[in-house]
Every structure is written in C-alpha cells, then in structure tokens.
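Student: My structure is stored as start.cif, with mmCIF, C-alpha atoms.
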```cif
data_run
loop_
_atom_site.label_atom_id
_atom_site.label_comp_id
_atom_site.auth_asym_id
_atom_site.auth_seq_id
_atom_site.Cartn_x
_atom_site.Cartn_y
_atom_site.Cartn_z
CA MET M 27 6.64 3.64 20.71
CA ILE M 28 10.21 4.12 19.41
CA ILE M 29 10.30 0.63 17.87
CA ASN M 30 6.88 1.30 16.40
CA ILE M 31 8.10 4.50 14.73
CA PHE M 32 11.19 2.75 13.43
CA THR M 33 9.12 -0.11 11.96
CA ILE M 34 6.55 2.15 10.31
CA VAL M 35 9.09 4.56 8.79
CA LEU M 36 11.30 1.68 7.64
CA GLY M 37 8.35 -0.12 6.05
CA GLU M 38 7.35 2.98 4.08
CA THR M 39 10.87 4.02 3.08
CA LEU M 40 12.00 0.56 1.99
CA GLU M 41 9.35 0.38 -0.71
CA ALA M 42 10.02 3.97 -1.72
CA GLY M 43 13.80 3.33 -1.72
CA PHE M 44 13.28 0.29 -3.89
CA LEU M 45 11.10 2.21 -6.37
CA PHE M 46 13.39 5.24 -6.47
CA SER M 47 16.43 3.08 -7.17
CA LEU M 48 14.62 1.79 -10.28
CA LEU M 49 13.63 5.32 -11.32
CA LEU M 50 17.13 6.68 -10.88
CA TYR M 51 18.46 3.73 -12.85
CA ALA M 52 16.00 4.54 -15.66
CA CYS M 53 17.25 8.16 -15.58
CA TYR M 54 20.84 6.92 -15.81
CA ARG M 55 20.05 4.50 -18.64
CA PHE M 56 18.17 7.05 -20.74
CA SER M 57 20.32 10.05 -19.75
CA ILE M 58 17.26 11.78 -18.30
CA SER M 59 17.86 14.58 -15.83
CA LYS M 60 17.45 13.38 -12.22
CA PHE M 61 15.64 16.67 -11.57
CA TYR M 62 12.48 14.91 -12.81
CA VAL M 63 12.75 12.67 -9.76
CA LEU M 64 13.50 15.60 -7.47
CA PHE M 65 10.53 17.63 -8.78
CA GLY M 66 8.37 14.54 -8.45
CA VAL M 67 9.43 14.06 -4.81
CA LEU M 68 8.80 17.72 -3.94
CA SER M 69 5.40 17.78 -5.68
CA GLY M 70 4.54 14.46 -4.04
CA ALA M 71 5.49 15.77 -0.58
CA PHE M 72 3.25 18.80 -1.09
CA LEU M 73 0.33 16.68 -2.31
CA ALA M 74 0.83 14.08 0.46
CA THR M 75 0.51 16.90 3.03
CA LEU M 76 -2.60 18.16 1.25
CA TYR M 77 -4.00 14.62 1.17
CA GLY M 78 -3.25 14.09 4.86
CA ASN M 79 -4.83 17.42 5.83
CA ASN M 80 -8.00 16.64 3.88
CA LEU M 81 -8.29 12.99 4.79
CA VAL M 82 -11.46 13.52 6.83
CA THR M 83 -13.28 14.84 3.77
CA ILE M 84 -11.73 12.27 1.43
CA SER M 85 -12.68 9.43 3.79
CA GLU M 86 -16.33 10.47 3.60
CA TRP M 87 -16.47 10.18 -0.19
CA PHE M 88 -18.25 7.18 -1.73
CA ASP M 89 -20.06 6.34 1.48
CA TYR M 90 -16.91 6.47 3.67
CA THR M 91 -14.71 4.51 1.26
CA GLY M 92 -13.03 7.46 -0.47
CA GLN M 93 -9.62 6.59 0.95
CA GLU M 94 -9.72 3.13 -0.62
CA TRP M 95 -10.75 4.55 -4.01
CA ILE M 96 -7.99 7.18 -4.06
CA ASN M 97 -5.33 4.70 -2.93
CA ALA M 98 -6.49 2.07 -5.43
CA VAL M 99 -6.24 4.61 -8.25
CA ILE M 100 -2.75 5.67 -7.08
CA CYS M 101 -1.57 2.02 -6.89
CA SER M 102 -2.98 1.24 -10.35
CA PHE M 103 -1.36 4.33 -11.89
CA LEU M 104 1.96 3.45 -10.24
CA ALA M 105 1.79 -0.07 -11.70
CA MET M 106 0.94 1.19 -15.20
CA LEU M 107 3.62 3.88 -15.15
CA LEU M 108 6.15 1.26 -14.06
CA LEU M 109 5.09 -0.74 -17.10
CA VAL M 110 5.77 2.25 -19.36
CA VAL M 111 9.23 2.80 -17.88
CA SER M 112 10.04 -0.94 -17.90
CA ARG M 113 9.04 -1.21 -21.53
CA GLY M 114 11.59 1.49 -22.25
CA LEU M 115 14.24 -0.43 -20.32
CA THR M 116 13.80 -3.71 -22.20
CA GLN M 117 12.97 -2.37 -25.65
CA ALA M 118 15.61 0.35 -25.56
CA ILE M 119 12.89 2.95 -26.13
CA ASN M 120 13.90 6.30 -24.76
CA THR M 121 11.48 6.92 -21.90
CA GLN M 122 10.59 10.57 -21.40
CA GLY M 123 10.88 12.40 -18.11
CA VAL M 124 7.13 12.76 -17.56
CA PRO M 125 6.47 9.12 -16.49
CA ILE M 126 9.49 9.36 -14.18
CA PHE M 127 8.13 12.59 -12.67
CA LEU M 128 4.64 11.12 -12.24
CA LEU M 129 5.98 7.91 -10.68
CA SER M 130 8.09 9.87 -8.19
CA MET M 131 5.17 12.11 -7.29
CA LEU M 132 2.63 9.31 -6.85
CA ALA M 133 5.10 7.17 -4.87
CA VAL M 134 5.65 9.99 -2.38
CA ILE M 135 1.91 10.63 -2.07
CA HIS M 136 1.33 6.90 -1.56
CA GLU M 137 3.95 6.47 1.16
CA GLY M 138 4.17 10.03 2.47
CA ALA M 139 0.53 10.62 3.42
CA GLU M 140 0.57 7.78 5.94
CA LEU M 141 3.86 8.94 7.45
CA TYR M 142 2.54 12.49 7.69
CA LEU M 143 -0.54 11.27 9.58
CA PHE M 144 1.52 8.96 11.75
CA PHE M 145 3.72 11.84 12.90
CA GLN M 146 0.58 13.74 13.88
CA SER M 147 -0.29 10.89 16.24
CA VAL M 148 2.98 10.82 18.20
CA PRO M 149 3.27 12.71 21.51
CA ASN M 150 5.34 15.93 21.55
CA GLU M 151 7.27 14.97 24.70
CA ALA M 152 9.19 12.24 22.89
CA ALA M 153 9.93 14.41 19.84
CA PHE M 154 13.72 14.00 19.87
CA LYS M 155 13.66 10.21 20.21
CA ILE M 156 10.96 10.00 17.57
CA VAL M 157 12.83 12.12 15.04
CA PHE M 158 16.06 10.22 15.78
CA SER M 159 14.55 6.76 15.26
CA ALA M 160 12.64 7.94 12.17
CA LEU M 161 15.88 9.31 10.71
CA ILE M 162 17.69 6.01 11.29
CA ALA M 163 14.85 4.11 9.58
CA LEU M 164 14.87 6.65 6.74
CA MET M 165 18.63 6.22 6.32
CA ILE M 166 18.33 2.41 6.19
CA GLY M 167 15.53 2.61 3.61
CA SER M 168 17.48 5.15 1.52
CA SER M 169 20.70 3.12 1.80
CA PHE M 170 18.89 0.10 0.48
CA GLY M 171 17.73 2.14 -2.52
CA VAL M 172 21.23 3.53 -3.13
CA ILE M 173 22.79 0.04 -2.97
CA ASN M 174 20.18 -1.32 -5.37
CA TYR M 175 20.79 1.60 -7.75
CA PHE M 176 24.56 1.11 -7.84
CA CYS M 177 24.20 -2.69 -8.19
CA LEU M 178 21.98 -2.18 -11.26
CA GLN M 179 24.49 0.30 -12.69
CA TYR M 180 27.41 -2.02 -11.98
CA LEU M 181 25.71 -4.97 -13.69
CA GLN M 182 25.58 -2.99 -16.96
CA GLN M 183 24.40 -5.51 -19.61
CA ILE M 184 21.99 -7.37 -17.36
CA GLY M 185 21.14 -4.40 -15.13
CA HIS M 186 18.15 -3.40 -17.26
CA LYS M 187 16.84 -6.98 -17.23
CA ILE M 188 17.03 -7.14 -13.44
CA ALA M 189 15.42 -3.68 -13.22
CA PHE M 190 12.61 -4.93 -15.46
CA PHE M 191 12.09 -8.00 -13.30
CA LEU M 192 12.10 -5.95 -10.06
CA SER M 193 9.69 -3.44 -11.60
CA MET M 194 7.40 -6.31 -12.55
CA LEU M 195 7.37 -7.62 -8.98
CA LEU M 196 6.76 -4.16 -7.57
CA ALA M 197 4.02 -3.28 -10.05
CA SER M 198 2.24 -6.63 -9.65
CA GLY M 199 2.27 -6.12 -5.87
CA LEU M 200 0.83 -2.62 -6.29
CA PHE M 201 -1.88 -3.86 -8.65
CA MET M 202 -2.76 -6.57 -6.16
CA GLN M 203 -2.94 -3.91 -3.43
CA ALA M 204 -5.38 -1.93 -5.60
CA SER M 205 -7.64 -5.00 -5.80
CA GLN M 206 -7.28 -5.50 -2.04
CA LEU M 207 -8.43 -1.91 -1.42
CA LEU M 208 -11.46 -2.37 -3.67
CA ILE M 209 -12.35 -5.55 -1.74
CA GLN M 210 -12.02 -3.54 1.49
CA ALA M 211 -14.39 -0.91 0.02
CA ASP M 212 -16.89 -3.65 -0.93
CA VAL M 213 -16.51 -2.87 -4.60
CA LEU M 214 -15.02 -6.26 -5.43
CA PRO M 215 -16.34 -9.41 -3.74
CA GLN M 216 -14.43 -11.11 -0.92
CA TYR M 217 -13.79 -14.83 -1.29
CA GLN M 218 -11.96 -17.32 0.88
CA PRO M 219 -8.14 -17.29 0.51
CA LEU M 220 -6.76 -19.52 -2.24
CA TRP M 221 -3.95 -20.71 0.01
CA ASN M 222 -2.31 -20.05 3.35
CA SER M 223 1.49 -19.82 3.30
CA GLU M 224 1.60 -18.66 6.93
CA PHE M 225 3.44 -21.85 7.91
CA LEU M 226 6.18 -21.06 5.36
CA LEU M 227 6.49 -17.35 5.95
CA SER M 228 4.32 -15.37 8.34
CA GLU M 229 3.55 -11.73 7.53
CA GLN M 230 4.46 -10.97 11.13
CA ALA M 231 7.95 -12.50 10.85
CA ASN M 232 10.83 -10.12 10.07
CA LEU M 233 11.28 -11.41 6.52
CA GLY M 234 7.51 -11.45 6.03
CA GLU M 235 7.27 -7.82 7.18
CA LEU M 236 10.11 -6.88 4.84
CA LEU M 237 8.54 -8.60 1.82
CA ARG M 238 5.15 -7.19 2.74
CA ALA M 239 6.55 -3.66 2.82
CA MET M 240 8.50 -4.00 -0.42
CA LEU M 241 6.60 -6.44 -2.60
CA ARG M 242 3.18 -6.63 -0.91
CA TYR M 243 3.71 -10.21 0.22
CA GLU M 244 0.37 -11.73 1.24
CA SER M 245 0.18 -15.12 2.98
CA THR M 246 -3.57 -15.57 2.47
CA PRO M 247 -4.47 -14.08 -0.91
CA THR M 248 -7.94 -14.41 -2.37
CA GLY M 249 -8.64 -15.37 -5.99
CA ILE M 250 -9.22 -11.76 -7.05
CA GLU M 251 -5.92 -10.63 -5.55
CA VAL M 252 -4.03 -13.44 -7.29
CA ALA M 253 -5.83 -12.62 -10.56
CA ALA M 254 -4.85 -8.95 -10.23
CA TYR M 255 -1.23 -9.90 -9.52
CA LEU M 256 -1.06 -12.27 -12.48
CA THR M 257 -2.80 -9.81 -14.82
CA CYS M 258 -0.10 -7.25 -14.16
CA THR M 259 2.67 -9.86 -14.49
CA VAL M 260 1.27 -11.02 -17.84
CA MET M 261 1.11 -7.41 -19.03
CA PHE M 262 4.79 -6.99 -18.18
CA LEU M 263 5.77 -10.27 -19.82
CA SER M 264 3.81 -9.42 -22.95
CA VAL M 265 5.99 -6.33 -23.31
CA LEU M 266 8.90 -8.69 -23.94
CA LEU M 267 7.05 -10.08 -26.96
CA ILE M 268 6.73 -6.68 -28.63
CA PRO M 269 9.38 -6.42 -31.37
CA ARG M 270 12.55 -4.66 -30.31
CA ARG M 271 13.30 -1.16 -31.55
CA ARG M 272 16.52 0.79 -31.56
CA LEU M 273 17.10 4.02 -29.67
CA MET L 24 -12.06 -6.25 -18.04
CA ARG L 25 -15.59 -7.62 -18.52
CA VAL L 26 -15.26 -9.68 -15.33
CA LEU L 27 -14.15 -6.56 -13.43
CA LEU L 28 -17.09 -4.55 -14.75
CA LEU L 29 -19.48 -7.37 -13.85
CA CYS L 30 -18.07 -7.51 -10.32
CA LEU L 31 -18.47 -3.73 -10.00
CA LEU L 32 -22.08 -3.92 -11.15
CA LEU L 33 -22.91 -6.87 -8.92
CA SER L 34 -21.40 -5.16 -5.89
CA VAL L 35 -23.58 -2.03 -6.20
CA PRO L 36 -26.96 -3.46 -5.10
CA ALA L 37 -25.41 -5.20 -2.10
CA PHE L 38 -23.59 -2.05 -1.02
CA ALA L 39 -26.31 -0.63 1.23
CA ALA L 40 -27.56 -3.91 2.66
CA ARG L 41 -24.60 -4.85 4.89
CA PRO L 42 -25.18 -5.16 8.64
CA VAL L 43 -23.40 -2.30 10.41
CA PHE L 44 -21.27 -2.63 13.57
CA ASP L 45 -19.72 0.29 15.41
CA LEU L 46 -16.19 0.29 16.77
CA TYR L 47 -14.81 3.23 18.73
CA ILE L 48 -11.26 4.44 19.29
CA LYS L 49 -10.93 6.39 22.51
CA ASP L 50 -7.76 7.14 24.53
CA LYS L 51 -5.85 5.02 21.97
CA MET L 52 -7.92 1.92 22.77
CA PHE L 53 -10.64 0.07 20.88
CA GLU L 54 -14.13 -0.05 22.37
CA PRO L 55 -15.41 -2.73 22.37
CA ALA L 56 -12.09 -4.57 22.36
CA ARG L 57 -14.02 -7.71 21.46
CA LEU L 58 -16.45 -7.12 18.61
CA VAL L 59 -18.83 -9.95 17.76
CA ILE L 60 -20.16 -10.21 14.20
CA PRO L 61 -22.13 -12.96 12.41
CA ALA L 62 -20.04 -15.62 10.67
CA ASN L 63 -20.29 -16.09 6.90
CA THR L 64 -21.74 -12.59 6.44
CA LYS L 65 -20.13 -9.50 4.99
CA VAL L 66 -20.45 -6.65 7.46
CA ARG L 67 -19.64 -2.96 7.51
CA ILE L 68 -17.65 -1.82 10.52
CA MET L 69 -17.94 1.90 11.18
CA VAL L 70 -14.78 2.91 13.03
CA HIS L 71 -15.27 6.12 15.03
CA ASN L 72 -12.02 7.76 16.05
CA GLN L 73 -12.86 9.97 19.04
CA ASP L 74 -9.22 10.84 19.75
CA ASP L 75 -7.47 14.02 18.67
CA SER L 76 -4.88 12.04 16.73
CA PRO L 77 -5.21 9.71 13.72
CA GLU L 78 -5.07 5.93 14.10
CA GLU L 79 -4.54 3.11 11.64
CA PHE L 80 -6.85 0.11 11.89
CA GLU L 81 -4.85 -2.94 10.82
CA SER L 82 -5.29 -6.69 10.84
CA TYR L 83 -3.11 -9.36 9.28
CA ASP L 84 -5.82 -12.00 9.64
CA LEU L 85 -8.55 -9.84 8.12
CA ASN L 86 -6.17 -8.39 5.56
CA ARG L 87 -7.31 -4.85 6.30
CA GLU L 88 -5.44 -1.58 6.73
CA LYS L 89 -6.97 1.87 6.94
CA VAL L 90 -6.09 5.23 8.48
CA ILE L 91 -8.91 6.73 10.54
CA PRO L 92 -8.36 10.49 10.84
CA ALA L 93 -8.76 12.24 14.20
CA ASN L 94 -12.33 12.93 15.33
CA SER L 95 -13.90 11.24 12.35
CA LYS L 96 -15.40 7.97 11.25
CA SER L 97 -14.76 5.61 8.38
CA ALA L 98 -16.13 2.35 7.01
CA ILE L 99 -14.29 -0.97 6.69
CA PHE L 100 -15.99 -3.97 5.12
CA VAL L 101 -15.01 -7.42 6.38
CA GLY L 102 -16.17 -10.92 5.71
CA PRO L 103 -17.76 -13.25 5.00
CA LEU L 104 -15.65 -14.84 7.73
CA ALA L 105 -15.52 -18.43 8.92
CA PRO L 106 -16.33 -18.77 12.65
CA GLY L 107 -13.28 -17.81 14.69
CA GLU L 108 -11.28 -14.98 16.23
CA TYR L 109 -9.47 -12.36 14.17
CA PRO L 110 -7.12 -9.99 16.00
CA PHE L 111 -6.80 -6.36 14.91
CA PHE L 112 -4.72 -3.46 16.21
CA GLY L 113 -4.05 0.24 15.90
CA GLU L 114 -0.72 0.53 14.14
CA PHE L 115 -0.05 4.01 15.54
CA SER L 116 -0.68 2.87 19.14
CA LEU L 117 0.45 -0.74 19.23
CA GLU L 118 0.86 -0.84 23.02
CA THR L 119 -2.76 0.00 23.79
CA ALA L 120 -4.95 -0.34 20.71
CA GLN L 121 -5.61 -4.09 20.46
CA GLY L 122 -8.84 -5.87 19.71
CA ILE L 123 -10.42 -9.09 18.51
CA LEU L 124 -13.16 -9.56 15.97
CA VAL L 125 -15.21 -12.65 16.77
CA ALA L 126 -17.20 -14.27 13.98
CA GLU L 127 -19.86 -16.64 15.37
#
```
Any chance you could give the structure as structure tokens?
Tutor:
Amino acid sequence: MIINIFTIVLGETLEAGFLFSLLLYACYRFSISKFYVLFGVLSGAFLATLYGNNLVTISEWFDYTGQEWINAVICSFLAMLLLVVSRGLTQAINTQGVPIFLLSMLAVIHEGAELYLFFQSVPNEAAFKIVFSALIALMIGSSFGVINYFCLQYLQQIGHKIAFFLSMLLASGLFMQASQLLIQADVLPQYQPLWNSEFLLSEQANLGELLRAMLRYESTPTGIEVAAYLTCTVMFLSVLLIPRRRL
Amino acid sequence: MRVLLLCLLLSVPAFAARPVFDLYIKDKMFEPARLVIPANTKVRIMVHNQDDSPEEFESYDLNREKVIPANSKSAIFVGPLAPGEYPFFGEFSLETAQGILVAE
C-alpha cells in the first residue's frame, strides 16, 4: 500500500512539476507575477475537489463516458495553452498572465482530482504512513520541477529553446492522451497498434513508468494516437515558421 | 479536422450496438476476475464499484485507465481485440484487485 501511494503521488507530481517548471520559467522570462501560478494552483485545487466530489454525476454524462469527455477537453486545452505560451517563448512575444493562470488551474484539476479520489480510498489506520510517503513523493516531484526551472534559467540564451522543446513534448503527449480518452469513450475508432516497443522499453519498467507519467509514453500506440501526437508537434513546429517579432 | 468530424459521425450509430459485459468491484477485488469477451469485437464493459471507496480500473495491455467512484458504475469500451489474455488491475488496490480479460 505504501509503495502504491508513493508511486501514484510521484507519477502525478512529476508531470505537474515538469509543467510548473515551464510555467515559472515563462513567468521569469516575461517578468509576469508568479501569483498567476499561485492563483491557478489554488483555483485548480478547489475545482479538483469539486470535480472529485461530483465524479459520480459526471461519470454518468454521455452514457457513462462523461469522465473521458471532461478529461479529453482538459488535456486538449492544456496542449493548446502550452502552444500559446511556447509561441511567446520562441517569438519573444510577451505572454499575458491569463494563459499561465489557466494552465496552472487546469494542470491541478487534471492531476489533483485523481489524487483526491485516491486519498479517499486509503484506510484511516495507516494515515501517518500514507501522508509521510505521499509527502516524500510530492517532494521528489517538486524537486524535479525546481531543478528543471533553475536549469532553464541558468541556460539563459538556449533556455527558452529547451523550454519550447519540452513544452512541445508535453503538449503532444497531452493531445495524444485526449485522443486515447476519446477512443476509450468509443467516440474515435480503435485500431490495432502501429508498433510495439515493449521489447525496447516496457511501460511497466521504471524508466517506462517515468516517461509515461511525464510525457505519456505509450509502447503500443494506435494510428489515431500517433496522428494526434504528430498533429500537435506540427502545430508547435509551425510556430517557428511565423516571422519573429520584437518585445 | 474533417477526418476527426467524420470519425465522430461514424462512431455515433455504433455507439448503442456494443455487446455489454458487467464487471464488479467488491471488497477491493474484481468479480469475475476472469472476464471472457468475444475476440475482434468492440465491447462495452460496465464496471460496477460496490465498495465505499473509489477504484481505478487500469490496464497497460488494453491501454485503459478510468476512476470508478464509490458505489457507482461506469462504462469502458475495449476492443476489437485479437484472441488472447489482457491483464487489468485496480490501481488503488494493487494487492487485491487483479483480473484478466480473455478475448476468444
């Protein structure tokens, strides 16, 4: 149970830590107040609780596929907002605080709702051990985000290029997850996987788990998932072709 | 975009016609632990969580992940699957909630 808690909390916080390091870097680069991130986190925590408490009703929407629809919309919005912020990073366009706020809020809803529900499922008698192991996992996930943030800051001239590339990977993974959820809800058709990279890197291996949590690594993707991933990647790359503007 | 819209439209008529299979979660275990479904057919699995705590249905092989709230039910579509065995588990109760989906 303790290892389970550690794994689940770490998985959720690693992706969030990764995303928040990029958001904080964008704040630093554009001299935007970090309070946008803080307000986003607090609003997201409130909405994640609300989402968790109303999951029974939400699950019943659209013939018991409401959860997939809501999560697919959240993933798609996250990917598109990352595109907006990344465009600012590469084109030196001053991104406003609103996309940063929305990204922070949606990221917390996305990751927080599952954690909130998970903590409802753990027995009260092991509360101390559970909180302790969750805190350790949270600290590791946060530390990863902090290290990533300071690395991007330290790299100065190429920091924004790396941030753009990382945002592209993250957003493409999220867009692919949105397509996966719509397949799960029977909205998009399910086809056989295009390839199986299980022999190279299993999703159940430590590195596979890590990449799955952070970048939505998938060893057996279907054509639609690959198309969704590539669509988002092409959208990011096309941003680089838009003529540069000055701040 | 047109392809996406076409897929959405094509998926609507098939939505109600999927064979339905019931899977129960009780005392943090799946019942039946071995669920047999037809191969090469898309099916709708109705997961009924009869426990007082939420559970997450997850499967690496099926590429599925969904939280099932306490005392509620939810649908998960799987397939069409090639004949074979596909393990699934409850992520919130790894020690007990284990099952296998058999496509035959």
Student: Each residue of chain L with at least one atom at most 8 Å from chain M should appear once, together with its nearest atom pair and the corresponding distance in Å (one decimal); atoms considered: all atoms listed in the file; ordering: chain, then increasing residue number; output as a tab-separated table.
Tutor:
```
residue	atom	partner	partner_atom	distance
L:Cys30	CA	M:Leu214	CA	5.9
L:Leu31	CA	M:Val213	CA	5.8
L:Ser34	CA	M:Val213	CA	5.6
L:Val35	CA	M:Val213	CA	7.3
L:Phe38	CA	M:Asp212	CA	6.9
L:Ser76	CA	M:Ser147	CA	4.8
L:Pro77	CA	M:Ser147	CA	5.7
L:Glu78	CA	M:Ser147	CA	7.2
L:Tyr83	CA	M:Glu229	CA	7.3
L:Arg87	CA	M:Gln210	CA	6.9
L:Val90	CA	M:Glu140	CA	7.6
L:Pro92	CA	M:Val82	CA	5.9
L:Ala93	CA	M:Val82	CA	8.0
L:Ser95	CA	M:Val82	CA	6.5
L:Lys96	CA	M:Tyr90	CA	7.9
L:Ser97	CA	M:Tyr90	CA	5.2
L:Ala98	CA	M:Tyr90	CA	5.4
L:Ile99	CA	M:Gln210	CA	6.2
L:Phe100	CA	M:Gln210	CA	5.4
L:Val101	CA	M:Gln210	CA	6.9
L:Gly102	CA	M:Gln216	CA	6.9
L:Pro103	CA	M:Gln216	CA	7.1
L:Glu114	CA	M:Asn30	CA	8.0
L:Phe115	CA	M:Phe144	CA	6.4
L:Ser116	CA	M:Met27	CA	7.5
L:Leu117	CA	M:Asn30	CA	7.3
L:Glu118	CA	M:Met27	CA	7.7
```
Student: Would you please work out which residue, of L:Val59, L:Arg41, L:Phe111, L:Glu54, is nearest to Asn86 of chain L when using only C-alpha atoms?
Tutor: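 Counting only C-alpha atoms, the residue closest to Asn86 of chain L is L:Phe111.
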Student: Exactly which residues make up the result of the PyMOL selection byres ((chain M and resi 179) around 12) on this file, given as a list in words?
Tutor: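 When the PyMOL selection byres ((chain M and resi 179) around 12) is applied to the shown file, the picked residues are Ser47, Leu48, Leu50, Tyr51, Ala52, Cys53, Tyr54, Arg55, Val172, Ile173, Asn174, Tyr175, Phe176, Cys177, Leu178, Tyr180, Leu181, Gln182, Gln183, Ile184, Gly185, His186, Lys187, Ile188 and Ala189 of chain M.
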Student: Only C-alpha atoms, please: the residues just picked out, written as a short mmCIF file (atom, residue, chain, number, x, y, z; two decimals), in the frame of the given file.
Tutor:
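Written output follows (out.cif):
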```
data_model
loop_
_atom_site.label_atom_id
_atom_site.label_comp_id
_atom_site.auth_asym_id
_atom_site.auth_seq_id
_atom_site.Cartn_x
_atom_site.Cartn_y
_atom_site.Cartn_z
CA SER M 47 16.43 3.08 -7.17
CA LEU M 48 14.62 1.79 -10.28
CA LEU M 50 17.13 6.68 -10.88
CA TYR M 51 18.46 3.73 -12.85
CA ALA M 52 16.00 4.54 -15.66
CA CYS M 53 17.25 8.16 -15.58
CA TYR M 54 20.84 6.92 -15.81
CA ARG M 55 20.05 4.50 -18.64
CA VAL M 172 21.23 3.53 -3.13
CA ILE M 173 22.79 0.04 -2.97
CA ASN M 174 20.18 -1.32 -5.37
CA TYR M 175 20.79 1.60 -7.75
CA PHE M 176 24.56 1.11 -7.84
CA CYS M 177 24.20 -2.69 -8.19
CA LEU M 178 21.98 -2.18 -11.26
CA TYR M 180 27.41 -2.02 -11.98
CA LEU M 181 25.71 -4.97 -13.69
CA GLN M 182 25.58 -2.99 -16.96
CA GLN M 183 24.40 -5.51 -19.61
CA ILE M 184 21.99 -7.37 -17.36
CA GLY M 185 21.14 -4.40 -15.13
CA HIS M 186 18.15 -3.40 -17.26
CA LYS M 187 16.84 -6.98 -17.23
CA ILE M 188 17.03 -7.14 -13.44
CA ALA M 189 15.42 -3.68 -13.22
#
```
Student: Please report the interatomic distance between atom CA of Leu76 of chain M and atom CA of Thr39 of chain M in Å with one decimal.
Tutor: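 Distance reported for this atom pair: 19.6 Å.
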Student: Work out where the centre of an axis-aligned box around every listed atom of segment 47-56 of chain L lies and how long its edges are once 5 Å is added on each side; give both in Å to one decimal as lines of an AutoDock Vina configuration file.
Tutor:
```
center_x = -10.6
center_y = 1.3
center_z = 21.6
size_x = 19.6
size_y = 21.7
size_z = 15.8
```
Student: Quick one: of M:Gln203, M:Ser159, M:Ser264, M:Ser198, who's nearest to Thr33 of chain M, counting only C-alpha atoms?
Tutor: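 Distance minimum relative to Thr33 of chain M lands on M:Ser159.
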Student: Which of these residues is nearest to Gly66 of chain M, using only C-alpha atoms: M:Leu196, M:Ile126, M:Leu104, M:Val99?
Tutor: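 Among the listed residues, the smallest separation from Gly66 of chain M belongs to M:Ile126.
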Student: Could you tell me which residues the PyMOL selection byres ((chain M and resi 42) around 8) returns for this structure, as a VMD selection string?
Tutor: chain M and resid 38 to 41 43 to 46 133 to 134 137 167 171
Student: Name the residues captured by the PyMOL selection byres ((chain M and resi 197) around 8) when it is applied to the shown file; answer as a VMD selection string.
Tutor: chain M and resid 104 to 106 108 to 109 193 to 196 198 to 201 258
Student: Which residue, M:Leu49, M:Leu107, M:Ile135, M:Ala153, has the smallest gap to Tyr77 of chain M when you use all atoms listed in the file?
Tutor: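 Result for the nearest residue to Tyr77 of chain M: M:Ile135.
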Student: Considering all atoms listed in the file, return as JSON, numbers by chain whatever protein or nucleic-acid residues lie within 9 Å of Gln122 of chain M, sequence-local ones (same chain, fewer than 4 positions apart) excluded.
Tutor: {"M": [56, 58, 111, 126]}
Student: Would you work out the distance separating atom CA of Met69 of chain L from atom CA of Phe44 of chain L, expressed in Å to one decimal?
Tutor: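 Rounded to one decimal, the two atoms are 6.1 Å apart.
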Student: Report, in Å with one decimal, the straight-line distance from atom CA of Leu58 of chain L to atom CA of Pro219 of chain M.
Tutor: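 Computing the Euclidean distance for atom CA of Leu58 of chain L and atom CA of Pro219 of chain M yields 22.4 Å.
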Student: Select, counting only C-alpha atoms, all protein, DNA and RNA residues no farther than 6 Å from (-9.2, -17.6, -5.0) in file coordinates, and express the selection as a tab-separated table (two decimals) with C-alpha atoms, in the frame of the given file.
Tutor:
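Once written, selection_39.tsv looks like this:
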```tsv
chain	number	residue	atom	x	y	z
M	219	PRO	CA	-8.14	-17.29	0.51
M	220	LEU	CA	-6.76	-19.52	-2.24
M	248	THR	CA	-7.94	-14.41	-2.37
M	249	GLY	CA	-8.64	-15.37	-5.99
```
Student: Determine, counting all atoms listed in the file, every residue of protein, DNA or RNA that lies within 6 Å of (-8.7, 6.6, 20.6) in the file coordinates, then give the result as a list in words.
Tutor: Ile48, Lys49, Asp50, Lys51, Met52, Asn72, Gln73 and Asp74 of chain L
Student: Skipping near chain neighbours, those fewer than 3 positions away, what residues fall within 8 Å of Val67 of chain M using all atoms listed in the file, listed as a tab-separated table (two decimals) with C-alpha atoms, in the coordinates of the input?
Tutor:
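Result file is selection06.tsv:
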```tsv
chain	number	residue	atom	x	y	z
M	63	VAL	CA	12.75	12.67	-9.76
M	64	LEU	CA	13.50	15.60	-7.47
M	70	GLY	CA	4.54	14.46	-4.04
M	71	ALA	CA	5.49	15.77	-0.58
M	130	SER	CA	8.09	9.87	-8.19
M	131	MET	CA	5.17	12.11	-7.29
M	134	VAL	CA	5.65	9.99	-2.38
```
